[in-house]
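What follows is a single structure, written as structure tokens, with notes after it.
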There are 4 protein chains.
Amino acid sequence: MSHGVRAAIIGATGYGGAELIRLLQAHPLVQITSVISTSNAGAPLAEHFPHLQEIVLDVLDVLDVDLIAGKADVVFLATPAGVSAELSPKLLAAGLKVIDISGDLRLKSSADYEKWYKKPAASEEVLARSIYGLSEVFGDEVKGSDLIANPGCYPTATLLGLVPAVAAGWIDPSTIIIDAKSGVSGSGRGVSLGVHYSEVNENLTAYKVNKHQHIPEIEQALGRIVGKPVITTFTTHLVPMTRGIMATMYASVNGEHTLEDFTQLYSQYYEGRKFVRIRKNGKLPSTKEVFGSNYCDIGFAVDERTGRVTIVSVIDNVVKGAAGQAIQNLNIMQGWDETTGLLFAPVYP
Amino acid sequence: MSHGVRAAIIGATGYGGAELIRLLQAHPLVQITSVISTSNAGAPLAEHFPHLQEIVLDVLDVLDVDLIAGKADVVFLATPAGVSAELSPKLLAAGLKVIDISGDLRLKSSADYEKWYKKPAASEEVLARSIYGLSEVFGDEVKGSDLIANPGCYPTATLLGLVPAVAAGWIDPSTIIIDAKSGVSGSGRGVSLGVHYSEVNENLTAYKVNKHQHIPEIEQALGRIVGKPVITTFTTHLVPMTRGIMATMYASVNGEHTLEDFTQLYSQYYEGRKFVRIRKNGKLPSTKEVFGSNYCDIGFAVDERTGRVTIVSVIDNVVKGAAGQAIQNLNIMQGWDETTGLLFAPVYP
Amino acid sequence: MSHGVRAAIIGATGYGGAELIRLLQAHPLVQITSVISTSNAGAPLAEHFPHLQEIVLDVLDVLDVDLIAGKADVVFLATPAGVSAELSPKLLAAGLKVIDISGDLRLKSSADYEKWYKKPAASEEVLARSIYGLSEVFGDEVKGSDLIANPGCYPTATLLGLVPAVAAGWIDPSTIIIDAKSGVSGSGRGVSLGVHYSEVNENLTAYKVNKHQHIPEIEQALGRIVGKPVITTFTTHLVPMTRGIMATMYASVNGEHTLEDFTQLYSQYYEGRKFVRIRKNGKLPSTKEVFGSNYCDIGFAVDERTGRVTIVSVIDNVVKGAAGQAIQNLNIMQGWDETTGLLFAPVYP
Amino acid sequence: MSHGVRAAIIGATGYGGAELIRLLQAHPLVQITSVISTSNAGAPLAEHFPHLQEIVLDVLDVLDVDLIAGKADVVFLATPAGVSAELSPKLLAAGLKVIDISGDLRLKSSADYEKWYKKPAASEEVLARSIYGLSEVFGDEVKGSDLIANPGCYPTATLLGLVPAVAAGWIDPSTIIIDAKSGVSGSGRGVSLGVHYSEVNENLTAYKVNKHQHIPEIEQALGRIVGKPVITTFTTHLVPMTRGIMATMYASVNGEHTLEDFTQLYSQYYEGRKFVRIRKNGKLPSTKEVFGSNYCDIGFAVDERTGRVTIVSVIDNVVKGAAGQAIQNLNIMQGWDETTGLLFAPVYP
């Protein structure tokens, strides 16, 4: 592994951390050298995740920047909002590359961050330095960077589904309505009545309507594409399943564009990008078709009656929406093929 | 039970039939006198539905109009598309009252029916005679009628959520987008890969986008309200749960109307109608909050940034979306209180 | 309602409390006069249970024995272990009838209680006074009593499935093995990692093997039947569903008894008891066939190869395993038909 | 890939076939050269399994032995009962190695096969030639073989959980009771009311009690271990989840053996076998802890009160219970490390 990297994972006892471990232990160019948990340091990892017994043998490390710097080249932060804002500068100062899976470094405007996250923002310097790692759209900026703000799960599904049409001017950004649905793992491993099995099972809930912190992230990225502010309607729903996000998106079509046109536009935009798969002939993807994998599958319906296009985009929120795209970004940062270690098929059924 | 009625149920081995049986056996003014199945006549009902063992003791009857006319006053049709178009005239001719849960008699235009259902429509006479039984909106027409076209599950949730705002002119009908989600029982008890547990579980699927046969039903009712044709965007999703429909609906608000305004408008529109419950203060209903009951719960979010209202409406598709509303219509037809036999609480959790 | 009773419910914000409310609001001879929560007094009930909006309008009362005594005739305790031991004597002293859904008063031996529950037991006096309310087996003792220890969910399914065979001497008690499975609602509304949706969904877990506090309850009841101590093997599993318990029970058959013999033995034992339904011809019940209802369904398989009988018994843990049987016991206490207010069909599907 | 093999998969449109494709496409020494479906030849594989779009590009081949012989070295049969009995001899005659995932070649007694499967058995010659591929127990016989009868899903979980104790004489085989539970994928992709989502969801069912065709398979293997016939009680349950099997097994302990003794016995028996993981200190495995992986996890409880041991064994039925163990057997046949291509972590949550 002379050309490989050593990786540390902070927040290893959450779902994002567990998925990083699953994926990195199968990555040919990465060695996990430290799994870190502030609250559980000293305990064997398998005590928190019995499924990793005899697979990852490590004991959880304390969070100590010097210790990490001695063991690792790159650090993945799978931490709650607020941690990375403070921690990233120290890790960078110690010479580490940082890939942050939290939302702390995604919004360029600290005012926006504080409005939507209700927490103090990271420093302007760190925000300016961080690269928004939507691999298939902004991957060029990722290459050579040492600080990645990994996109949120909803924004990943949404933006990959909207960007080609928005960039081509085929849809009117002011008409975009995003009806998003997520499995429960998206809200993490913390306990609350909202994730109690008996409350979630056989139930469908809409939540944080017009208030979700992923709204400014989506609007910031779309604004970059069109060159002026974009405002969207964005609704999130909790679906009784563990993994998977579907964004069903509606917009008015500018001019005349058929289903075949959209299919072709997207196929061209994502040509050569293995992790985005475009469904043909009006077929629509379902979340299970990407379960456990790094794929984002996209399909379309164009309605002549209303002049609207419906775009359906699905990902596994824990993979393409978190750990998988983070590793994809590592691959790009390092100059490796972006698919290294990630080309496994979805688990079906 | 001198003032009660005797009821026959055709299609008793499907989910709609089973729910009619569950609800009617608890109705103080109805006696089930015949459960009918063309394909399984002669078998005990409990062979098909062991949960009804020792509750409904009947053996399944053949489908014979004279036999029904001798046993029953009212007939519920819980049959696949195409059956009622042919059968209803005969039942009416035999002096029976008919409540049809299928989609056969809902569309006034036979051309529309044939376009969306791909089947021959009922006769113009029957279509003209049938009353569209959306109880809280068109209940006045139900009273005294002898032929009810019971609304579809999606249209019930959608229309109850849209009508007050459309009727008040508060939203622009041309901007309405309906993102609907349903549990699996909505597609009935027939077997197919699409309802295979291993395909549906831990999966979310969009289907029949812009092609669902409930679209013309919704548009016909909205058209009646506004007095001119309405065209909508309507998407359906299959959610991994058995019961429940949520319609998340988006529209541009005409003028300035706050969340409180919408809450008040709807509370007034549905005043005195026990089965529609309006959530206050921006709270949104979830499907489990109406599970097993005849309630339709509605909540709102108004977004000043986009000028749009989001309306969330939920029902149990098997109750308010089928058997429950059918019985509510029977109550109205008979001049009974519409809640008779239906005022039971949702099953939670 | 001159012959009816007024009921108070303590612990109204848990699942047992919610189910008592659902069932009692439909009971023709009971009026709910107080819903009580120590931790949430003063809040409207619907804030905790939106599904009860406009159904039960009450605000949660404080826990005050005098207040209760002024409002109610009977009190249901749906409280965690430890509460009833202390509270029951005070409620009895105030002249109230008490039906305790918790485990506090079920074990006659305070030493057993303290060993299995790890809490101080109720006083010997209270333990002596309480009647174990397994309606179909010990219902005669319930009549006229004022203090009922309502059976646990697992013991209800298990004992109804075992008692006739044990009482008849057809199975060897020392060979009994009980493999029990439960939905998640059985562990209540409290939050923990063990009930986190993402941990429970698509998962099957065995827990508390040989350590469950329902073991001594089962053994005490079986011991009464056979007249000497009985020791059993009892395993519990958590199944990814909300409601339902299945006990699959194994025992060696004494002598020659066929499937038909067992079917007949049980049919006779439970003759006239509407809530126990015996499956014929080797058919086995599934949990969904009793969902939401007060039924206990039982089926058998007899294996000549091994000389063992397999008995499958299912209930809805929240109804027959808690609130439903509690009301059944109220009916019996009051001298009403035991089915009063409880004869509704299971919700299927 | 000079030392690799070319593989054909018959039955590629079922779940076993799909899983073989998922696992083999990531195997470093195997190339899939033909995916075969009798009923769907000519169609692109992705039409049946959209999750494989752009991963496996093949069109489905017809079933033609000569064609297979020209393209492949080894054939996996993921076919319904009855196919392999007839097809295996032809494939062997064409010089192919055969790994049969169906039940056709597992029972050495053709009378047993015909009694339990209700179909004509394979020829005595084929039955004699086939090796029962329970990798960790009979792996020595697999090496160098060209015809593998891959074990059933229930027998894999059951036997791996019982064999060490039975072989050591620590438990009395005549007292073994196996209470097994499976997710729905175990019954394949065929449609029926029994796998209808609305029937399975929120439901727990016992089925084929004492009649499951895996009973003689389990008894045959245990009989080989103890050297005389073994008869067991075996019950199967359908659990509302897609993947996963748990076998909860009960037996009387011969002599005095503690929890620690059992833990040590099993750890030693499976020493060096990566895919069997023994839980320590009375911890019990859950099915999700092996989801999507080739692991079999085993835990214990020993009850001094009853003198019985409870053994809990879990697998993913589609991996270790089918495709994964089949590839493990291929690895062993070829003299490769048995873990080649299979050392990926479970998907959690």
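Residues are named by chain letter and number: chains run A, B, ... in the order of the structure tokens, numbers start at 1 in each chain, and ligands are numbered from 1 in the order shown.
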Based on only C-alpha atoms, which of the residues in chain C come within 8 Å of chain A? I want them as a PDB file with N, CA and C atoms, in the first residue's frame.
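After the write, part-v3.pdb holds the following:
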```
ATOM      1  N   VAL C 184     -42.938  -4.556  18.859  1.00  0.00           N
ATOM      2  CA  VAL C 184     -42.151  -3.599  19.633  1.00  0.00           C
ATOM      3  C   VAL C 184     -42.994  -2.830  20.649  1.00  0.00           C
ATOM      4  N   SER C 185     -44.291  -2.682  20.407  1.00  0.00           N
ATOM      5  CA  SER C 185     -45.092  -1.869  21.317  1.00  0.00           C
ATOM      6  C   SER C 185     -45.114  -2.446  22.728  1.00  0.00           C
ATOM      7  N   ARG C 189     -43.625   3.127  25.402  1.00  0.00           N
ATOM      8  CA  ARG C 189     -43.343   4.300  24.583  1.00  0.00           C
ATOM      9  C   ARG C 189     -42.015   4.963  24.939  1.00  0.00           C
ATOM     10  N   GLY C 190     -41.340   4.472  25.950  1.00  0.00           N
ATOM     11  CA  GLY C 190     -40.050   5.053  26.326  1.00  0.00           C
ATOM     12  C   GLY C 190     -39.022   4.882  25.228  1.00  0.00           C
ATOM     13  N   VAL C 191     -38.083   5.820  25.120  1.00  0.00           N
ATOM     14  CA  VAL C 191     -37.095   5.755  24.042  1.00  0.00           C
ATOM     15  C   VAL C 191     -35.809   5.078  24.514  1.00  0.00           C
ATOM     16  N   SER C 192     -35.187   4.346  23.612  1.00  0.00           N
ATOM     17  CA  SER C 192     -33.902   3.681  23.871  1.00  0.00           C
ATOM     18  C   SER C 192     -33.373   3.173  22.533  1.00  0.00           C
ATOM     19  N   LEU C 193     -32.097   2.823  22.498  1.00  0.00           N
ATOM     20  CA  LEU C 193     -31.532   2.301  21.259  1.00  0.00           C
ATOM     21  C   LEU C 193     -32.255   1.022  20.841  1.00  0.00           C
ATOM     22  N   VAL C 195     -35.308   0.312  20.796  1.00  0.00           N
ATOM     23  CA  VAL C 195     -36.550   0.503  20.035  1.00  0.00           C
ATOM     24  C   VAL C 195     -36.362   1.504  18.895  1.00  0.00           C
ATOM     25  N   HIS C 196     -35.118   1.884  18.622  1.00  0.00           N
ATOM     26  CA  HIS C 196     -34.814   2.783  17.494  1.00  0.00           C
ATOM     27  C   HIS C 196     -35.206   2.072  16.200  1.00  0.00           C
ATOM     28  N   TYR C 197     -35.967   2.756  15.378  1.00  0.00           N
ATOM     29  CA  TYR C 197     -36.457   2.127  14.152  1.00  0.00           C
ATOM     30  C   TYR C 197     -35.335   1.481  13.339  1.00  0.00           C
ATOM     31  N   SER C 198     -34.241   2.206  13.174  1.00  0.00           N
ATOM     32  CA  SER C 198     -33.161   1.699  12.318  1.00  0.00           C
ATOM     33  C   SER C 198     -32.487   0.459  12.901  1.00  0.00           C
ATOM     34  N   VAL C 200     -34.320  -1.841  14.788  1.00  0.00           N
ATOM     35  CA  VAL C 200     -35.335  -2.899  14.897  1.00  0.00           C
ATOM     36  C   VAL C 200     -35.819  -3.367  13.531  1.00  0.00           C
ATOM     37  N   ASN C 201     -35.969  -2.408  12.614  1.00  0.00           N
ATOM     38  CA  ASN C 201     -36.485  -2.738  11.294  1.00  0.00           C
ATOM     39  C   ASN C 201     -35.554  -3.732  10.607  1.00  0.00           C
ATOM     40  N   MET C 241     -42.334  -5.571  14.026  1.00  0.00           N
ATOM     41  CA  MET C 241     -43.728  -5.186  13.822  1.00  0.00           C
ATOM     42  C   MET C 241     -44.161  -4.458  15.090  1.00  0.00           C
ATOM     43  N   THR C 242     -45.270  -3.751  15.040  1.00  0.00           N
ATOM     44  CA  THR C 242     -45.664  -2.942  16.194  1.00  0.00           C
ATOM     45  C   THR C 242     -46.445  -3.742  17.217  1.00  0.00           C
TER      46      THR C 242
END
```
**Study point:** Close residues, stretch 275-285 of chain A itself excluded, 10 Å, only C-alpha atoms, min 5 positions apart in chain, as an MDAnalysis selection string
**Key:** (chainID A and resid 135:136 160:161 246 259:260 262:270 290 293:302 311:315 320 325 328 338:339 342:343) or (chainID B and resid 204:209) or (chainID D and resid 50:51 53:54)
Check your understanding: With distances taken over only C-alpha atoms, which of A:Asp73, A:Glu217, A:Glu19, A:Glu86 is nearest to A:Val318?
Key ->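 Looking at the shortest contact to A:Val318, the residue is A:Glu19.
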Point to revise | DSSP strand (DSSP E) residues within stretch 103-220 of chain C, as a list of chain:residue names | key: C:Ile131, C:Tyr132, C:Leu147, C:Ile148, C:Ala149, C:Ile177, C:Ile178, C:Asp179, C:Ala180, C:Lys181, C:Ser182, C:Thr205, C:Ala206, C:Tyr207
Exercise for review: Give me the residues within 9 Å of C:Ile148 as a list of chain:residue names, counting only C-alpha atoms and dropping any in the same chain fewer than 6 places off.
Suggested key: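 The neighbour list is C:Lys97, C:Val98, C:Ile99, C:Asp100, C:Ile101, C:Leu105, C:Arg106, C:Arg129, C:Ser130, C:Ile131, C:Tyr132, C:Gly133, C:Val142, C:Ala326, C:Asn329, C:Leu330.
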Review point. Within 9 Å of D:Leu159, counting only C-alpha atoms, which residues qualify if same-chain residues fewer than 3 places away don't, as a PyMOL selection string?
Key: chain D and resi 134+137+154-156+162-164+218+221-222
Keeping N, CA and C atoms for every residue in the selection just given, could you write it to a file as a tab-separated table (two decimals), in the first residue's frame?
```tsv
chain	number	residue	atom	x	y	z
D	134	LEU	N	-21.75	-28.08	3.40
D	134	LEU	CA	-21.77	-27.25	4.61
D	134	LEU	C	-20.31	-26.93	4.93
D	137	VAL	N	-18.23	-27.62	8.10
D	137	VAL	CA	-18.34	-28.95	8.70
D	137	VAL	C	-17.83	-30.03	7.75
D	154	TYR	N	-32.26	-22.81	6.15
D	154	TYR	CA	-32.53	-23.23	7.53
D	154	TYR	C	-31.49	-24.22	8.02
D	155	PRO	N	-31.16	-25.26	7.23
D	155	PRO	CA	-30.14	-26.22	7.71
D	155	PRO	C	-28.79	-25.56	7.98
D	156	THR	N	-28.41	-24.56	7.19
D	156	THR	CA	-27.13	-23.91	7.44
D	156	THR	C	-27.10	-23.27	8.81
D	162	LEU	N	-25.69	-26.34	15.87
D	162	LEU	CA	-25.83	-27.56	16.66
D	162	LEU	C	-24.62	-28.48	16.61
D	163	VAL	N	-23.94	-28.51	15.48
D	163	VAL	CA	-22.94	-29.56	15.26
D	163	VAL	C	-21.86	-29.65	16.35
D	164	PRO	N	-21.25	-28.53	16.76
D	164	PRO	CA	-20.20	-28.69	17.77
D	164	PRO	C	-20.70	-29.35	19.06
D	218	ILE	N	-31.61	-31.66	7.80
D	218	ILE	CA	-30.99	-31.43	9.11
D	218	ILE	C	-30.73	-32.76	9.80
D	221	ALA	N	-27.75	-34.75	8.35
D	221	ALA	CA	-26.43	-34.25	8.73
D	221	ALA	C	-26.13	-34.55	10.20
D	222	LEU	N	-27.13	-34.34	11.07
D	222	LEU	CA	-26.90	-34.66	12.48
D	222	LEU	C	-26.66	-36.16	12.66
```
**Study point:** Selection near A:Ala251, 10 Å with only C-alpha atoms, sequence-local residues under 5 positions removed, as number ranges by chain
**Key:** A: 162, 165-166, 170-178, 302, 307-311; B: 177
Review point. Which residues in stretch 110-262 of chain D does DSSP call alpha helix (DSSP H)? List them as a PyMOL selection string.
Key: chain D and resi 110-117+124-129+135-142+153-167+197-200+214-226+259-262
Exercise for review: Tell me which protein, DNA and RNA residues are within 10 Å of stretch 110-115 of chain B, counting only C-alpha atoms, leaving out same-chain ones fewer than 5 positions away, and put them as an MDAnalysis selection string.
Suggested key: chainID B and resid 103:105 120:124 127 213 216:217
Suppose we keep N, CA and C atoms; can you now write the selection as a PDB file, in the first residue's frame?
```
ATOM      1  N   GLY B 103     -64.243   2.258  -9.418  1.00  0.00           N
ATOM      2  CA  GLY B 103     -64.151   3.535 -10.127  1.00  0.00           C
ATOM      3  C   GLY B 103     -65.128   3.674 -11.281  1.00  0.00           C
ATOM      4  N   ASP B 104     -65.978   2.663 -11.475  1.00  0.00           N
ATOM      5  CA  ASP B 104     -66.785   2.612 -12.703  1.00  0.00           C
ATOM      6  C   ASP B 104     -67.739   3.780 -12.903  1.00  0.00           C
ATOM      7  N   LEU B 105     -68.277   4.312 -11.807  1.00  0.00           N
ATOM      8  CA  LEU B 105     -69.372   5.276 -11.963  1.00  0.00           C
ATOM      9  C   LEU B 105     -68.976   6.694 -11.564  1.00  0.00           C
ATOM     10  N   PRO B 120     -64.671  -0.537 -21.416  1.00  0.00           N
ATOM     11  CA  PRO B 120     -65.935   0.095 -21.815  1.00  0.00           C
ATOM     12  C   PRO B 120     -66.586   0.768 -20.610  1.00  0.00           C
ATOM     13  N   ALA B 121     -67.138   1.957 -20.836  1.00  0.00           N
ATOM     14  CA  ALA B 121     -67.768   2.702 -19.750  1.00  0.00           C
ATOM     15  C   ALA B 121     -69.179   2.193 -19.489  1.00  0.00           C
ATOM     16  N   ALA B 122     -69.716   2.572 -18.332  1.00  0.00           N
ATOM     17  CA  ALA B 122     -71.123   2.300 -18.026  1.00  0.00           C
ATOM     18  C   ALA B 122     -72.000   3.135 -18.953  1.00  0.00           C
ATOM     19  N   SER B 123     -73.282   2.801 -18.990  1.00  0.00           N
ATOM     20  CA  SER B 123     -74.196   3.540 -19.871  1.00  0.00           C
ATOM     21  C   SER B 123     -74.326   4.989 -19.405  1.00  0.00           C
ATOM     22  N   GLU B 124     -74.639   5.854 -20.353  1.00  0.00           N
ATOM     23  CA  GLU B 124     -74.810   7.276 -20.021  1.00  0.00           C
ATOM     24  C   GLU B 124     -75.882   7.446 -18.936  1.00  0.00           C
ATOM     25  N   LEU B 127     -74.411   6.599 -15.577  1.00  0.00           N
ATOM     26  CA  LEU B 127     -73.452   7.638 -15.195  1.00  0.00           C
ATOM     27  C   LEU B 127     -74.179   8.905 -14.757  1.00  0.00           C
ATOM     28  N   GLN B 213     -55.501   6.690 -13.005  1.00  0.00           N
ATOM     29  CA  GLN B 213     -56.919   6.864 -13.341  1.00  0.00           C
ATOM     30  C   GLN B 213     -57.656   7.755 -12.344  1.00  0.00           C
ATOM     31  N   PRO B 216     -58.405  12.117 -13.636  1.00  0.00           N
ATOM     32  CA  PRO B 216     -59.633  12.753 -14.143  1.00  0.00           C
ATOM     33  C   PRO B 216     -60.706  12.900 -13.058  1.00  0.00           C
ATOM     34  N   GLU B 217     -60.693  11.999 -12.092  1.00  0.00           N
ATOM     35  CA  GLU B 217     -61.676  12.090 -10.995  1.00  0.00           C
ATOM     36  C   GLU B 217     -61.423  13.351 -10.161  1.00  0.00           C
TER      37      GLU B 217
END
```
Can you list, as a compact mmCIF listing (two decimals) with C-alpha atoms, in the first residue's frame, every protein, DNA or RNA residue that comes within 9 Å of stretch 21-24 of chain A when you count only C-alpha atoms, leaving out same-chain residues fewer than 2 positions away?
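In the end it all went to around.txt:
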```txt
# COMPACT_ATOMS: atom_id res chain seq x y z
CA ALA A 7 -7.58 7.19 7.56
CA ILE A 9 -12.80 8.31 11.52
CA ALA A 12 -17.27 6.04 14.67
CA GLY A 16 -22.13 7.53 9.16
CA GLY A 17 -19.09 6.23 10.98
CA ALA A 18 -20.19 2.61 10.71
CA GLU A 19 -20.72 2.98 6.99
CA ALA A 26 -12.91 -2.97 1.51
CA HIS A 27 -11.01 -0.08 -0.14
CA PRO A 28 -7.73 -1.23 -1.71
CA LEU A 29 -5.84 2.02 -1.08
CA VAL A 30 -6.99 3.01 2.38
CA GLN A 31 -6.10 1.67 5.78
CA ILE A 32 -8.25 2.58 8.78
CA VAL A 35 -11.68 4.93 15.02
CA LEU A 52 -18.14 -5.57 13.07
CA VAL A 56 -12.49 -4.21 12.61
CA VAL A 319 -23.74 5.76 1.00
CA ALA A 323 -19.99 7.80 3.52
CA GLY A 324 -19.83 6.68 -0.10
CA ILE A 327 -14.84 8.21 -0.16
CA GLY A 341 -13.37 0.66 -3.76
CA LEU A 342 -16.94 1.73 -4.48
CA PHE D 344 -17.19 -7.80 3.15
CA ALA D 345 -18.87 -6.43 6.26
CA PRO D 346 -22.59 -6.70 6.96
CA VAL D 347 -24.71 -3.70 5.90
CA TYR D 348 -25.76 -1.92 9.09
```
Point to revise | atom CA of C:His48 to atom CA of C:Pro80, straight-line distance in Å | key: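 Between atom CA of C:Pro80 and atom CA of C:His48 the gap works out to 17.8 Å.
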Revision key, fill the gap. Min atom-atom distance to B:Pro151 from the set B:Ser109, B:Asn317, B:Asn331, B:Asn210, counting only C-alpha atoms, belongs to B:Asn317
